[in-house]
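Read the structure below first, then the notes.
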Amino acid sequence: MPHGRDDYIHGTGREEQQRLSRLNQLINASSLSRLRIQPGERVLDVGSGIGQMARAMAAAAGTAGVVVGVERSAAQIVEGRRQAGAAIAGLDIREGDALALPLRDDEWGSFGVAHTRFLLEHVREPDRVVAGMVRALRPGGRIVLEDDDHDVLRLHPA
């Protein structure tokens, strides 16, 4: 069952942040290769968490690119900034809700890539999140959804 805004199942404590950091270390390179981010590209990352993937995307987009990350948890944003150690050119992490993306009027329809990972399983209306991501894309842009589908997970014995 998807979770609401105030009951994120994993929490944002130190142990969870360490787990997320290890997970990012394991899968970011593979995810990044499939995103095929081009130098100078504008990227939207919805549910940025501690920002490791957003930082990797910003590096791929280069100094002429822009990555806008959206994360609802101030604690995750603070940890991401701590991990980064310094501001990263072209990276803008914003506190906000995936259901109401905090984009300026001139940013809608301007992104070449809209990405989310491990977010849709936690929101009550994932279709609304995806609709916002589609609206943020420029014509010809691409959307990348990386998530779990717990409906297909079967364990035997239970």
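Chain labels follow the order of the structure tokens: the first chain is A, the next B, and so on; residue numbering restarts at 1 in every chain, and ligands are counted from 1 in their shown order.
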
Extract, using only C-alpha atoms, all DNA, RNA and protein residues at most 8 Å from Leu119 of chain A, discarding same-chain residues fewer than 3 positions from it, and format them as JSON, numbers by chain. {"A": [46, 47, 116, 122, 123, 147]}

For Glu79 of chain A, work out the shell of residues within 12 Å, counting only C-alpha atoms and skipping chain neighbours fewer than 5 positions away, then give it as a list in words. Thr12, Gly13, Arg14, Glu15, Glu16, Gln17, Gln18, Leu20, Ser21, Ser48, Gly49, Ile50, Gly51, Gln52, Glu71, Ser73, Ala74, Ala84, Gly85 and Ile93 of chain A

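Each of A:Arg128, A:Ala59, A:Val68, A:Arg34 was compared to Leu99 of chain A using only C-alpha atoms, and A:Arg128 turns out to be the nearest.
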
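For Glu107 of chain A, the set of protein, DNA and RNA residues having any atom at most 10 Å away, when counting only C-alpha atoms and skipping those fewer than 6 positions along the same chain, is A:Arg42, A:Val68, A:Arg135, A:Ala136, A:Leu137, A:Arg138.
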
Store the residues of this selection in a file with all heavy atoms, as a compact mmCIF listing (two decimals), in the first residue's frame.
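So selection.txt came out as:
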```txt
# COMPACT_ATOMS: atom_id res chain seq x y z
N ARG A 42 19.18 19.82 -19.35
CA ARG A 42 18.40 20.18 -18.15
C ARG A 42 17.71 18.91 -17.65
O ARG A 42 17.02 18.24 -18.43
CB ARG A 42 17.36 21.25 -18.47
CG ARG A 42 17.97 22.61 -18.82
CD ARG A 42 16.90 23.65 -19.11
NE ARG A 42 15.90 23.78 -18.07
CZ ARG A 42 16.07 24.45 -16.91
NH1 ARG A 42 17.21 25.06 -16.67
NH2 ARG A 42 15.09 24.51 -16.03
N VAL A 68 17.70 20.05 -11.45
CA VAL A 68 16.82 20.49 -10.38
C VAL A 68 16.34 19.24 -9.66
O VAL A 68 15.68 18.39 -10.27
CB VAL A 68 15.62 21.30 -10.92
CG1 VAL A 68 14.63 21.61 -9.79
CG2 VAL A 68 16.11 22.58 -11.58
N ARG A 135 4.71 17.06 -17.77
CA ARG A 135 4.50 18.50 -18.00
C ARG A 135 5.81 19.29 -17.95
O ARG A 135 5.97 20.29 -18.65
CB ARG A 135 3.51 19.04 -16.96
CG ARG A 135 3.17 20.48 -17.16
CD ARG A 135 2.10 20.94 -16.18
NE ARG A 135 2.04 22.39 -16.21
CZ ARG A 135 2.03 23.16 -15.14
NH1 ARG A 135 2.04 22.63 -13.93
NH2 ARG A 135 2.00 24.46 -15.26
N ALA A 136 6.76 18.82 -17.15
CA ALA A 136 8.04 19.51 -17.01
C ALA A 136 8.96 19.29 -18.22
O ALA A 136 9.89 20.06 -18.44
CB ALA A 136 8.75 19.05 -15.74
N LEU A 137 8.68 18.26 -19.02
CA LEU A 137 9.55 17.92 -20.16
C LEU A 137 9.33 18.85 -21.34
O LEU A 137 8.22 19.27 -21.64
CB LEU A 137 9.28 16.50 -20.63
CG LEU A 137 9.77 15.38 -19.73
CD1 LEU A 137 9.30 14.04 -20.28
CD2 LEU A 137 11.28 15.41 -19.58
N ARG A 138 10.42 19.10 -22.05
CA ARG A 138 10.33 19.81 -23.33
C ARG A 138 9.90 18.79 -24.38
O ARG A 138 10.01 17.57 -24.17
CB ARG A 138 11.68 20.42 -23.70
CG ARG A 138 12.76 19.39 -23.95
CD ARG A 138 14.03 19.99 -24.52
NE ARG A 138 15.15 19.08 -24.50
CZ ARG A 138 15.28 17.99 -25.23
NH1 ARG A 138 14.33 17.63 -26.07
NH2 ARG A 138 16.34 17.23 -25.14
```

Need the shell around Asp92 of chain A: protein/DNA/RNA residues with any atom at most 9 Å away, counting only C-alpha atoms. Skip same-chain ones fewer than 3 positions apart. Format as a PyMOL selection string? chain A and resi 66-70+88-89

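Taking only C-alpha atoms into account, Glu95 of chain A lies nearest to A:Gln76 out of the set A:Gln76, A:Thr63, A:Ser110, A:Ser31.
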
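We find atom CA of Ala87 of chain A and atom CA of Ala56 of chain A to be spaced 13.3 Å apart.
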
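Across the structure, atom CA of Gln83 of chain A and atom CA of Ala100 of chain A are spaced 26.7 Å apart.
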
DSSP helix (DSSP H, G or I) selection over chain A, as an mmCIF file with C-alpha atoms, in the first residue's frame:
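Just written: result-v5.cif:
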```
data_model
loop_
_atom_site.group_PDB
_atom_site.id
_atom_site.type_symbol
_atom_site.label_atom_id
_atom_site.label_comp_id
_atom_site.auth_asym_id
_atom_site.auth_seq_id
_atom_site.Cartn_x
_atom_site.Cartn_y
_atom_site.Cartn_z
ATOM 1 C CA ARG A 14 21.117 8.245 10.296
ATOM 2 C CA GLU A 15 20.903 4.494 9.639
ATOM 3 C CA GLU A 16 18.473 5.034 6.767
ATOM 4 C CA GLN A 17 20.689 7.725 5.263
ATOM 5 C CA GLN A 18 23.659 5.339 5.439
ATOM 6 C CA ARG A 19 21.586 2.592 3.793
ATOM 7 C CA LEU A 20 20.519 4.962 1.009
ATOM 8 C CA SER A 21 24.096 6.073 0.519
ATOM 9 C CA ARG A 22 25.278 2.462 0.120
ATOM 10 C CA LEU A 23 22.393 1.714 -2.251
ATOM 11 C CA ASN A 24 23.329 4.719 -4.382
ATOM 12 C CA GLN A 25 26.950 3.561 -4.485
ATOM 13 C CA LEU A 26 25.775 0.201 -5.821
ATOM 14 C CA ILE A 27 23.341 1.311 -8.526
ATOM 15 C CA ASN A 28 24.042 4.898 -9.580
ATOM 16 C CA ALA A 29 26.582 4.082 -12.301
ATOM 17 C CA SER A 30 24.180 1.646 -13.978
ATOM 18 C CA SER A 31 21.248 4.069 -13.727
ATOM 19 C CA LEU A 32 23.337 6.980 -14.983
ATOM 20 C CA SER A 33 24.506 5.028 -18.040
ATOM 21 C CA ARG A 34 20.895 4.334 -19.017
ATOM 22 C CA LEU A 35 19.870 7.982 -18.587
ATOM 23 C CA GLN A 52 23.864 11.316 -4.640
ATOM 24 C CA MET A 53 22.166 10.547 -7.952
ATOM 25 C CA ALA A 54 21.391 14.224 -8.538
ATOM 26 C CA ARG A 55 25.073 15.051 -8.010
ATOM 27 C CA ALA A 56 26.061 12.332 -10.496
ATOM 28 C CA MET A 57 23.569 13.695 -13.028
ATOM 29 C CA ALA A 58 24.942 17.222 -12.525
ATOM 30 C CA ALA A 59 28.449 15.939 -13.234
ATOM 31 C CA ALA A 60 27.190 14.267 -16.425
ATOM 32 C CA ALA A 61 25.355 17.419 -17.542
ATOM 33 C CA ALA A 74 14.672 18.806 4.908
ATOM 34 C CA ALA A 75 16.743 16.184 6.783
ATOM 35 C CA GLN A 76 17.611 14.434 3.515
ATOM 36 C CA ILE A 77 18.577 17.728 1.885
ATOM 37 C CA VAL A 78 20.817 18.631 4.825
ATOM 38 C CA GLU A 79 22.534 15.228 4.677
ATOM 39 C CA GLY A 80 23.007 15.549 0.926
ATOM 40 C CA ARG A 81 24.668 18.932 1.365
ATOM 41 C CA ARG A 82 26.878 17.505 4.113
ATOM 42 C CA GLN A 83 27.953 14.645 1.839
ATOM 43 C CA ALA A 84 28.637 16.986 -1.072
ATOM 44 C CA ASP A 105 6.570 29.194 -14.662
ATOM 45 C CA ASP A 106 9.496 29.439 -17.096
ATOM 46 C CA GLU A 107 10.801 25.975 -16.091
ATOM 47 C CA LEU A 120 6.291 6.193 -6.810
ATOM 48 C CA GLU A 121 5.763 3.244 -4.465
ATOM 49 C CA HIS A 122 5.469 5.732 -1.574
ATOM 50 C CA PRO A 126 1.770 8.121 -8.521
ATOM 51 C CA ASP A 127 -0.052 9.021 -11.736
ATOM 52 C CA ARG A 128 -0.148 12.676 -10.591
ATOM 53 C CA VAL A 129 3.599 12.620 -9.974
ATOM 54 C CA VAL A 130 4.238 11.227 -13.457
ATOM 55 C CA ALA A 131 1.840 13.765 -15.009
ATOM 56 C CA GLY A 132 3.834 16.592 -13.397
ATOM 57 C CA MET A 133 7.069 15.108 -14.695
ATOM 58 C CA VAL A 134 5.643 14.864 -18.213
ATOM 59 C CA ARG A 135 4.497 18.499 -18.004
ATOM 60 C CA ALA A 136 8.038 19.508 -17.013
ATOM 61 C CA HIS A 150 5.785 -5.016 -4.770
ATOM 62 C CA ASP A 151 2.754 -6.597 -6.429
ATOM 63 C CA VAL A 152 5.066 -8.902 -8.376
#
```

Picked from segment 3-122 of chain A by DSSP as strand (DSSP E), as a ChimeraX atom specification: /A:42-46,66-71,91-95,111-117

Just the selected residues (C-alpha atoms), exported as a short mmCIF file (atom, residue, chain, number, x, y, z; two decimals), in the first residue's frame, please.
```cif
data_model
loop_
_atom_site.label_atom_id
_atom_site.label_comp_id
_atom_site.auth_asym_id
_atom_site.auth_seq_id
_atom_site.Cartn_x
_atom_site.Cartn_y
_atom_site.Cartn_z
CA ARG A 42 18.40 20.18 -18.15
CA VAL A 43 17.39 17.38 -15.78
CA LEU A 44 14.58 17.12 -13.22
CA ASP A 45 15.13 14.59 -10.42
CA VAL A 46 11.98 14.01 -8.37
CA VAL A 66 21.16 22.19 -14.86
CA VAL A 67 19.82 19.55 -12.50
CA VAL A 68 16.82 20.49 -10.38
CA GLY A 69 16.24 18.02 -7.57
CA VAL A 70 13.02 17.94 -5.59
CA GLU A 71 12.98 16.43 -2.10
CA LEU A 91 22.70 21.57 -9.10
CA ASP A 92 19.63 23.07 -7.43
CA ILE A 93 17.99 20.89 -4.75
CA ARG A 94 14.63 22.27 -3.67
CA GLU A 95 12.43 21.27 -0.78
CA PHE A 111 13.69 19.70 -19.13
CA GLY A 112 15.29 17.14 -21.42
CA VAL A 113 15.09 14.40 -18.77
CA ALA A 114 12.68 13.85 -15.88
CA HIS A 115 13.77 11.09 -13.49
CA THR A 116 12.52 9.47 -10.31
CA ARG A 117 13.70 6.42 -8.44
#
```
